[in-house]
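Okay, run10.txt is below, compact mmCIF, N, CA and C atoms:
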```txt
# COMPACT_ATOMS: atom_id res chain seq x y z
N MET D 1 -62.48 59.48 -1.69
CA MET D 1 -61.23 59.33 -2.40
C MET D 1 -61.44 58.73 -3.78
N THR D 2 -62.52 57.98 -4.00
CA THR D 2 -62.68 57.29 -5.27
C THR D 2 -62.84 58.25 -6.44
N ASN D 3 -63.27 59.49 -6.23
CA ASN D 3 -63.44 60.44 -7.31
C ASN D 3 -62.20 61.28 -7.55
N THR D 4 -61.16 61.11 -6.78
CA THR D 4 -59.95 61.89 -6.95
C THR D 4 -59.22 61.48 -8.22
N ARG D 5 -58.85 62.49 -9.02
CA ARG D 5 -58.06 62.24 -10.23
C ARG D 5 -56.60 62.33 -9.86
N LEU D 6 -55.85 61.30 -10.21
CA LEU D 6 -54.43 61.29 -9.98
C LEU D 6 -53.71 61.77 -11.24
N ASN D 7 -52.54 62.34 -11.08
CA ASN D 7 -51.76 62.85 -12.20
C ASN D 7 -50.72 61.82 -12.62
N ALA D 8 -50.69 61.48 -13.91
CA ALA D 8 -49.67 60.60 -14.46
C ALA D 8 -48.62 61.49 -15.12
N VAL D 9 -47.37 61.37 -14.69
CA VAL D 9 -46.32 62.27 -15.18
C VAL D 9 -45.02 61.52 -15.47
N ILE D 10 -44.25 62.07 -16.39
CA ILE D 10 -42.87 61.65 -16.61
C ILE D 10 -42.01 62.62 -15.83
N ILE D 11 -41.04 62.11 -15.08
CA ILE D 11 -40.14 62.96 -14.30
C ILE D 11 -38.76 62.90 -14.94
N GLU D 12 -38.25 64.08 -15.30
CA GLU D 12 -36.93 64.16 -15.91
C GLU D 12 -36.02 65.03 -15.06
N ASP D 13 -34.78 64.61 -14.91
CA ASP D 13 -33.78 65.41 -14.20
C ASP D 13 -33.21 66.46 -15.12
N ASP D 14 -32.94 67.64 -14.55
CA ASP D 14 -32.24 68.69 -15.28
C ASP D 14 -30.78 68.30 -15.36
N LYS D 15 -30.27 68.10 -16.56
CA LYS D 15 -28.88 67.64 -16.74
C LYS D 15 -27.87 68.66 -16.23
N ALA D 16 -28.18 69.97 -16.34
CA ALA D 16 -27.25 71.01 -15.92
C ALA D 16 -27.27 71.24 -14.41
N ASN D 17 -28.42 71.01 -13.80
CA ASN D 17 -28.57 71.27 -12.37
C ASN D 17 -29.29 70.08 -11.75
N ASN D 18 -28.58 69.23 -11.04
CA ASN D 18 -29.16 67.99 -10.51
C ASN D 18 -30.30 68.21 -9.52
N GLU D 19 -30.47 69.44 -9.02
CA GLU D 19 -31.53 69.69 -8.04
C GLU D 19 -32.89 69.87 -8.67
N ASN D 20 -32.95 70.26 -9.95
CA ASN D 20 -34.22 70.52 -10.61
C ASN D 20 -34.76 69.27 -11.29
N LYS D 21 -36.08 69.14 -11.26
CA LYS D 21 -36.77 68.07 -11.96
C LYS D 21 -37.89 68.68 -12.78
N TYR D 22 -38.14 68.10 -13.94
CA TYR D 22 -39.22 68.56 -14.80
C TYR D 22 -40.30 67.49 -14.84
N PHE D 23 -41.54 67.92 -14.73
CA PHE D 23 -42.69 67.02 -14.73
C PHE D 23 -43.50 67.27 -16.00
N THR D 24 -43.73 66.21 -16.79
CA THR D 24 -44.54 66.30 -18.00
C THR D 24 -45.78 65.44 -17.80
N ASN D 25 -46.95 66.09 -17.83
CA ASN D 25 -48.20 65.37 -17.62
C ASN D 25 -48.51 64.52 -18.85
N ILE D 26 -48.76 63.22 -18.64
CA ILE D 26 -49.08 62.33 -19.76
C ILE D 26 -50.45 61.67 -19.62
N GLY D 27 -51.17 61.97 -18.53
CA GLY D 27 -52.49 61.37 -18.38
C GLY D 27 -53.01 61.46 -16.95
N SER D 28 -53.96 60.58 -16.66
CA SER D 28 -54.64 60.59 -15.36
C SER D 28 -54.89 59.17 -14.88
N GLY D 29 -55.11 59.06 -13.57
CA GLY D 29 -55.49 57.80 -12.96
C GLY D 29 -56.75 58.00 -12.15
N PHE D 30 -57.58 56.97 -12.08
CA PHE D 30 -58.85 57.04 -11.34
C PHE D 30 -59.00 55.79 -10.48
N MET D 31 -59.20 55.98 -9.18
CA MET D 31 -59.31 54.87 -8.24
C MET D 31 -60.55 54.03 -8.51
N HIS D 32 -60.43 52.72 -8.29
CA HIS D 32 -61.58 51.82 -8.36
C HIS D 32 -62.45 52.04 -7.12
N GLU D 33 -63.71 51.74 -7.23
CA GLU D 33 -64.62 51.94 -6.10
C GLU D 33 -64.23 51.12 -4.89
N ASP D 34 -63.63 49.93 -5.10
CA ASP D 34 -63.25 49.09 -3.95
C ASP D 34 -61.87 49.46 -3.39
N ASN D 35 -61.23 50.49 -3.94
CA ASN D 35 -59.92 50.98 -3.48
C ASN D 35 -58.81 49.93 -3.62
N ASN D 36 -58.99 48.93 -4.46
CA ASN D 36 -57.95 47.92 -4.67
C ASN D 36 -57.22 48.10 -5.99
N GLY D 37 -57.39 49.24 -6.62
CA GLY D 37 -56.69 49.48 -7.87
C GLY D 37 -57.10 50.79 -8.49
N LEU D 38 -56.55 51.06 -9.68
CA LEU D 38 -56.89 52.26 -10.41
C LEU D 38 -56.76 52.02 -11.90
N ASP D 39 -57.55 52.78 -12.66
CA ASP D 39 -57.47 52.77 -14.12
C ASP D 39 -56.57 53.92 -14.54
N LEU D 40 -55.80 53.71 -15.58
CA LEU D 40 -54.94 54.75 -16.12
C LEU D 40 -55.43 55.13 -17.51
N VAL D 41 -55.51 56.42 -17.76
CA VAL D 41 -55.84 56.95 -19.07
C VAL D 41 -54.65 57.80 -19.48
N LEU D 42 -53.89 57.31 -20.46
CA LEU D 42 -52.67 58.00 -20.88
C LEU D 42 -52.82 58.54 -22.29
N GLN D 43 -52.35 59.78 -22.50
CA GLN D 43 -52.32 60.38 -23.82
C GLN D 43 -50.98 60.14 -24.51
N ALA D 44 -49.98 59.75 -23.74
CA ALA D 44 -48.64 59.49 -24.27
C ALA D 44 -47.98 58.41 -23.42
N TYR D 45 -47.02 57.72 -24.01
CA TYR D 45 -46.26 56.70 -23.28
C TYR D 45 -44.80 57.11 -23.25
N PRO D 46 -44.14 56.98 -22.11
CA PRO D 46 -42.72 57.33 -22.05
C PRO D 46 -41.88 56.36 -22.87
N VAL D 47 -40.87 56.88 -23.51
CA VAL D 47 -40.00 56.05 -24.35
C VAL D 47 -39.35 54.94 -23.54
N ASN D 48 -38.93 55.25 -22.31
CA ASN D 48 -38.26 54.25 -21.47
C ASN D 48 -39.23 53.41 -20.65
N GLY D 49 -40.53 53.65 -20.76
CA GLY D 49 -41.53 52.86 -20.05
C GLY D 49 -41.70 53.23 -18.59
N LYS D 50 -41.05 54.31 -18.13
CA LYS D 50 -41.13 54.70 -16.71
C LYS D 50 -41.89 56.01 -16.54
N PHE D 51 -42.84 55.99 -15.60
CA PHE D 51 -43.57 57.20 -15.25
C PHE D 51 -44.12 57.05 -13.84
N SER D 52 -44.72 58.11 -13.32
CA SER D 52 -45.27 58.07 -11.96
C SER D 52 -46.71 58.55 -11.96
N VAL D 53 -47.44 58.13 -10.95
CA VAL D 53 -48.81 58.58 -10.71
C VAL D 53 -48.83 59.17 -9.31
N PHE D 54 -49.33 60.42 -9.20
CA PHE D 54 -49.35 61.13 -7.93
C PHE D 54 -50.75 61.62 -7.61
N LEU D 55 -51.02 61.75 -6.30
CA LEU D 55 -52.20 62.49 -5.86
C LEU D 55 -51.94 63.97 -6.13
N PRO D 56 -52.99 64.76 -6.36
CA PRO D 56 -52.80 66.19 -6.54
C PRO D 56 -52.17 66.82 -5.29
N ASN D 57 -51.37 67.87 -5.48
CA ASN D 57 -50.67 68.52 -4.36
C ASN D 57 -51.62 69.06 -3.31
N GLU D 58 -52.82 69.49 -3.71
CA GLU D 58 -53.73 70.13 -2.76
C GLU D 58 -54.41 69.15 -1.80
N THR D 59 -54.24 67.86 -2.00
CA THR D 59 -54.86 66.89 -1.11
C THR D 59 -53.87 66.41 -0.05
N ALA D 60 -54.37 66.19 1.13
CA ALA D 60 -53.53 65.66 2.22
C ALA D 60 -53.69 64.15 2.32
N ASP D 61 -54.54 63.58 1.48
CA ASP D 61 -54.81 62.14 1.53
C ASP D 61 -53.61 61.33 1.10
N GLU D 62 -53.66 60.06 1.46
CA GLU D 62 -52.75 59.08 0.91
C GLU D 62 -53.54 58.29 -0.12
N LEU D 63 -52.82 57.53 -0.96
CA LEU D 63 -53.53 56.64 -1.88
C LEU D 63 -54.37 55.68 -1.06
N ALA D 64 -55.56 55.39 -1.53
CA ALA D 64 -56.46 54.50 -0.81
C ALA D 64 -56.11 53.03 -1.05
N LEU D 65 -55.08 52.77 -1.85
CA LEU D 65 -54.66 51.38 -2.08
C LEU D 65 -54.17 50.75 -0.80
N PRO D 66 -54.36 49.44 -0.62
CA PRO D 66 -53.75 48.76 0.53
C PRO D 66 -52.24 48.97 0.52
N LYS D 67 -51.63 48.99 1.67
CA LYS D 67 -50.20 49.30 1.80
C LYS D 67 -49.34 48.14 1.32
N GLU D 68 -49.15 48.06 0.03
CA GLU D 68 -48.27 47.06 -0.58
C GLU D 68 -47.03 47.80 -1.08
N THR D 69 -46.01 47.05 -1.43
CA THR D 69 -44.84 47.68 -2.04
C THR D 69 -44.83 47.47 -3.54
N TYR D 70 -45.59 46.49 -4.02
CA TYR D 70 -45.61 46.15 -5.43
C TYR D 70 -47.04 45.92 -5.90
N TYR D 71 -47.37 46.45 -7.07
CA TYR D 71 -48.67 46.25 -7.68
C TYR D 71 -48.46 45.87 -9.14
N PRO D 72 -49.12 44.83 -9.65
CA PRO D 72 -49.00 44.51 -11.07
C PRO D 72 -49.72 45.55 -11.93
N VAL D 73 -49.15 45.85 -13.09
CA VAL D 73 -49.78 46.73 -14.08
C VAL D 73 -50.20 45.82 -15.24
N SER D 74 -51.45 45.90 -15.63
CA SER D 74 -51.99 44.99 -16.64
C SER D 74 -52.86 45.73 -17.64
N ILE D 75 -52.97 45.12 -18.81
CA ILE D 75 -54.02 45.51 -19.74
C ILE D 75 -55.17 44.57 -19.45
N VAL D 76 -56.37 45.12 -19.32
CA VAL D 76 -57.56 44.29 -19.10
C VAL D 76 -58.35 44.29 -20.39
N GLU D 77 -58.60 43.10 -20.89
CA GLU D 77 -59.37 42.93 -22.12
C GLU D 77 -60.70 42.28 -21.76
N SER D 78 -61.81 42.92 -22.15
CA SER D 78 -63.14 42.39 -21.89
C SER D 78 -63.64 41.68 -23.15
N VAL D 79 -63.96 40.39 -23.01
CA VAL D 79 -64.40 39.57 -24.14
C VAL D 79 -65.79 39.03 -23.83
N LYS D 80 -66.67 39.15 -24.80
CA LYS D 80 -68.05 38.67 -24.63
C LYS D 80 -68.08 37.17 -24.90
N ASP D 81 -68.67 36.40 -23.96
CA ASP D 81 -68.78 34.95 -24.15
C ASP D 81 -70.07 34.60 -24.89
N GLU D 82 -70.34 33.29 -25.03
CA GLU D 82 -71.52 32.83 -25.78
C GLU D 82 -72.83 33.30 -25.16
N ASP D 83 -72.83 33.52 -23.84
CA ASP D 83 -74.05 33.95 -23.14
C ASP D 83 -74.25 35.47 -23.19
N GLY D 84 -73.33 36.18 -23.86
CA GLY D 84 -73.44 37.63 -23.94
C GLY D 84 -72.87 38.36 -22.75
N LYS D 85 -72.22 37.63 -21.84
CA LYS D 85 -71.60 38.25 -20.67
C LYS D 85 -70.14 38.53 -20.96
N TYR D 86 -69.64 39.62 -20.36
CA TYR D 86 -68.23 39.97 -20.55
C TYR D 86 -67.36 39.29 -19.51
N LYS D 87 -66.24 38.77 -19.94
CA LYS D 87 -65.25 38.19 -19.05
C LYS D 87 -63.96 38.98 -19.23
N ASN D 88 -63.29 39.30 -18.11
CA ASN D 88 -62.06 40.08 -18.16
C ASN D 88 -60.83 39.19 -18.17
N TYR D 89 -59.89 39.51 -19.04
CA TYR D 89 -58.60 38.83 -19.11
C TYR D 89 -57.51 39.85 -18.82
N TYR D 90 -56.62 39.51 -17.88
CA TYR D 90 -55.56 40.41 -17.46
C TYR D 90 -54.24 39.97 -18.10
N HIS D 91 -53.56 40.91 -18.77
CA HIS D 91 -52.26 40.66 -19.39
C HIS D 91 -51.25 41.57 -18.70
N ARG D 92 -50.40 40.99 -17.87
CA ARG D 92 -49.44 41.79 -17.11
C ARG D 92 -48.36 42.34 -18.04
N ILE D 93 -48.12 43.66 -17.95
CA ILE D 93 -47.11 44.30 -18.79
C ILE D 93 -46.12 45.14 -18.00
N GLY D 94 -46.22 45.12 -16.67
CA GLY D 94 -45.30 45.93 -15.88
C GLY D 94 -45.59 45.85 -14.40
N ALA D 95 -44.97 46.78 -13.67
CA ALA D 95 -45.11 46.80 -12.21
C ALA D 95 -45.17 48.24 -11.73
N ALA D 96 -45.84 48.43 -10.58
CA ALA D 96 -45.91 49.73 -9.92
C ALA D 96 -45.37 49.55 -8.50
N PHE D 97 -44.62 50.54 -8.04
CA PHE D 97 -44.00 50.50 -6.73
C PHE D 97 -44.42 51.74 -5.94
N ALA D 98 -44.87 51.53 -4.70
CA ALA D 98 -45.36 52.64 -3.88
C ALA D 98 -44.23 53.56 -3.46
N HIS D 99 -44.53 54.87 -3.47
CA HIS D 99 -43.59 55.84 -2.92
C HIS D 99 -43.61 55.73 -1.40
N GLY D 100 -42.54 56.15 -0.75
CA GLY D 100 -42.44 56.04 0.71
C GLY D 100 -43.55 56.77 1.45
N ASN D 101 -44.00 57.92 0.93
CA ASN D 101 -45.07 58.67 1.60
C ASN D 101 -46.47 58.19 1.21
N HIS D 102 -46.54 57.19 0.36
CA HIS D 102 -47.77 56.58 -0.13
C HIS D 102 -48.72 57.59 -0.77
N LYS D 103 -48.14 58.60 -1.44
CA LYS D 103 -48.93 59.57 -2.19
C LYS D 103 -48.77 59.35 -3.69
N GLY D 104 -48.07 58.28 -4.06
CA GLY D 104 -47.88 58.03 -5.48
C GLY D 104 -47.27 56.68 -5.75
N LEU D 105 -47.16 56.35 -7.04
CA LEU D 105 -46.58 55.09 -7.50
C LEU D 105 -45.58 55.38 -8.61
N SER D 106 -44.48 54.66 -8.62
CA SER D 106 -43.56 54.66 -9.75
C SER D 106 -43.91 53.45 -10.59
N ILE D 107 -44.04 53.64 -11.90
CA ILE D 107 -44.51 52.59 -12.79
C ILE D 107 -43.47 52.29 -13.84
N GLU D 108 -43.24 51.01 -14.08
CA GLU D 108 -42.32 50.56 -15.12
C GLU D 108 -43.07 49.58 -16.02
N LEU D 109 -43.21 49.96 -17.30
CA LEU D 109 -43.86 49.10 -18.27
C LEU D 109 -42.80 48.31 -19.03
N LEU D 110 -43.04 47.03 -19.23
CA LEU D 110 -42.13 46.18 -19.99
C LEU D 110 -42.52 46.13 -21.46
N ALA D 111 -43.72 46.61 -21.77
CA ALA D 111 -44.21 46.65 -23.14
C ALA D 111 -45.08 47.89 -23.30
N THR D 112 -45.14 48.42 -24.50
CA THR D 112 -46.01 49.55 -24.78
C THR D 112 -47.39 49.02 -25.13
N PRO D 113 -48.38 49.35 -24.32
CA PRO D 113 -49.71 48.81 -24.59
C PRO D 113 -50.36 49.48 -25.79
N ILE D 114 -51.05 48.69 -26.59
CA ILE D 114 -51.89 49.21 -27.66
C ILE D 114 -53.32 48.93 -27.20
N LEU D 115 -53.99 49.99 -26.78
CA LEU D 115 -55.33 49.83 -26.23
C LEU D 115 -56.35 50.00 -27.34
N LYS D 116 -57.30 49.09 -27.37
CA LYS D 116 -58.38 49.15 -28.35
C LYS D 116 -59.70 49.10 -27.61
N ASP D 117 -60.78 49.02 -28.35
CA ASP D 117 -62.11 48.95 -27.74
C ASP D 117 -62.18 47.81 -26.73
N LYS D 118 -62.75 48.07 -25.59
CA LYS D 118 -62.95 47.09 -24.51
C LYS D 118 -61.64 46.69 -23.82
N THR D 119 -60.59 47.51 -23.91
CA THR D 119 -59.37 47.25 -23.16
C THR D 119 -59.01 48.49 -22.37
N LYS D 120 -58.27 48.32 -21.27
CA LYS D 120 -57.82 49.46 -20.48
C LYS D 120 -56.57 49.06 -19.71
N LEU D 121 -55.83 50.06 -19.26
CA LEU D 121 -54.62 49.87 -18.48
C LEU D 121 -54.99 50.02 -17.01
N VAL D 122 -54.66 49.02 -16.18
CA VAL D 122 -55.04 49.06 -14.77
C VAL D 122 -53.87 48.66 -13.87
N ILE D 123 -53.93 49.17 -12.65
CA ILE D 123 -53.05 48.75 -11.57
C ILE D 123 -53.96 48.15 -10.52
N ARG D 124 -53.62 46.96 -10.05
CA ARG D 124 -54.51 46.25 -9.13
C ARG D 124 -53.69 45.68 -7.97
N THR D 125 -54.25 45.65 -6.78
CA THR D 125 -53.60 45.04 -5.63
C THR D 125 -53.41 43.56 -5.91
N PRO D 126 -52.20 43.02 -5.62
CA PRO D 126 -51.97 41.60 -5.87
C PRO D 126 -52.92 40.74 -5.04
N LYS D 127 -53.38 39.65 -5.64
CA LYS D 127 -54.24 38.71 -4.91
C LYS D 127 -53.40 37.91 -3.94
N LYS D 128 -53.92 37.71 -2.75
CA LYS D 128 -53.23 36.92 -1.71
C LYS D 128 -53.50 35.45 -1.95
N ASP D 129 -52.46 34.62 -1.80
CA ASP D 129 -52.64 33.18 -1.89
C ASP D 129 -53.38 32.70 -0.65
N SER D 130 -54.37 31.85 -0.85
CA SER D 130 -55.12 31.36 0.33
C SER D 130 -54.77 29.95 0.68
```
With the file now loaded, output its structure as structure tokens.
Amino acid sequence: MTNTRLNAVIIEDDKANNENKYFTNIGSGFMHEDNNGLDLVLQAYPVNGKFSVFLPNETADELALPKETYYPVSIVESVKDEDGKYKNYYHRIGAAFAHGNHKGLSIELLATPILKDKTKLVIRTPKKDS
């Protein structure tokens, strides 16, 4: 499952016919090796900050993410310290909510990310308090 490419899409309702929906592909998602999150690569950002990530139709799999209802969406910034090692800093900018069939996520961004070198957009399973 870790090599499966997920589709990032904007879903729009047909104003004239409420039964039709239009899907506009805006990027892709790639699962982390530990199955606790995914990286998003977007070519466009929705004006309203809302989009979805789905498994391809041809797969019968579910998302390999743990069965949560909420996942934080963050920009991860990698900064090199004095020892030359990279440290990751997470800046939360939104939330992702699992679909009922667990084949996708609905995502709401509170800010439009500006990604630069050594930064990426990620969805990660929330850490449990111990």
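Between CA of Tyr86 (chain D) and CA of Ile107 (chain D) the separation is 28.0 Å.
Among the candidates D:Val41, D:Asn35, D:Phe54, D:Phe30, the one nearest to Val9 (chain D) when counting only N, CA and C atoms is D:Phe54.
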- From D:Ala96, D:Leu38, D:Leu63, D:Ala44, residue lying nearest Thr112 (chain D) [only C-alpha atoms]: D:Ala44
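Pairwise distance (atom C of His32 (chain D), atom C of Thr4 (chain D)) equals 10.0 Å.
The smallest atom-to-atom distance between Ile93 (chain D) and any of D:Leu105, D:Ile26, D:Ile114, D:Ile11, using only C-alpha atoms, is found for D:Ile114.
Nearest residue to Ser52 (chain D), choosing from D:Tyr22, D:Lys120, D:Glu108, D:Tyr90 and counting all atoms listed in the file: D:Glu108.
Relative to atom N of Leu42 (chain D), CA of Lys103 (chain D) is found at 19.1 Å.
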When you write region 34-48 of chain D out from the block above, keep N, CA and C atoms and present the result as a JSON list (two decimals), in the first residue's frame, please.
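The new file decode.json reads:
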```
[["chain", "number", "residue", "atom", "x", "y", "z"],
["D", 34, "ASP", "N", 5.56, 4.07, 7.33],
["D", 34, "ASP", "CA", 5.01, 3.53, 8.58],
["D", 34, "ASP", "C", 3.47, 3.55, 8.61],
["D", 35, "ASN", "N", 2.84, 3.98, 7.52],
["D", 35, "ASN", "CA", 1.38, 4.03, 7.38],
["D", 35, "ASN", "C", 0.71, 4.95, 8.40],
["D", 36, "ASN", "N", 1.44, 5.89, 8.98],
["D", 36, "ASN", "CA", 0.85, 6.82, 9.94],
["D", 36, "ASN", "C", 0.64, 8.21, 9.35],
["D", 37, "GLY", "N", 0.74, 8.32, 8.04],
["D", 37, "GLY", "CA", 0.52, 9.61, 7.41],
["D", 37, "GLY", "C", 0.78, 9.56, 5.92],
["D", 38, "LEU", "N", 0.67, 10.72, 5.28],
["D", 38, "LEU", "CA", 0.93, 10.82, 3.86],
["D", 38, "LEU", "C", 1.43, 12.21, 3.52],
["D", 39, "ASP", "N", 2.22, 12.28, 2.45],
["D", 39, "ASP", "CA", 2.70, 13.55, 1.91],
["D", 39, "ASP", "C", 1.76, 13.95, 0.79],
["D", 40, "LEU", "N", 1.51, 15.24, 0.67],
["D", 40, "LEU", "CA", 0.68, 15.76, -0.41],
["D", 40, "LEU", "C", 1.54, 16.60, -1.34],
["D", 41, "VAL", "N", 1.37, 16.38, -2.63],
["D", 41, "VAL", "CA", 2.02, 17.18, -3.66],
["D", 41, "VAL", "C", 0.89, 17.80, -4.47],
["D", 42, "LEU", "N", 0.70, 19.11, -4.32],
["D", 42, "LEU", "CA", -0.40, 19.79, -4.98],
["D", 42, "LEU", "C", 0.12, 20.76, -6.03],
["D", 43, "GLN", "N", -0.54, 20.76, -7.21],
["D", 43, "GLN", "CA", -0.22, 21.71, -8.26],
["D", 43, "GLN", "C", -1.10, 22.95, -8.16],
["D", 44, "ALA", "N", -2.18, 22.86, -7.41],
["D", 44, "ALA", "CA", -3.11, 23.98, -7.23],
["D", 44, "ALA", "C", -3.74, 23.88, -5.85],
["D", 45, "TYR", "N", -4.20, 25.01, -5.34],
["D", 45, "TYR", "CA", -4.89, 25.04, -4.04],
["D", 45, "TYR", "C", -6.30, 25.54, -4.26],
["D", 46, "PRO", "N", -7.28, 24.90, -3.64],
["D", 46, "PRO", "CA", -8.66, 25.37, -3.79],
["D", 46, "PRO", "C", -8.86, 26.73, -3.12],
["D", 47, "VAL", "N", -9.65, 27.56, -3.74],
["D", 47, "VAL", "CA", -9.90, 28.89, -3.21],
["D", 47, "VAL", "C", -10.50, 28.83, -1.82],
["D", 48, "ASN", "N", -11.41, 27.89, -1.58],
["D", 48, "ASN", "CA", -12.06, 27.78, -0.27],
["D", 48, "ASN", "C", -11.29, 26.91, 0.72]]
```
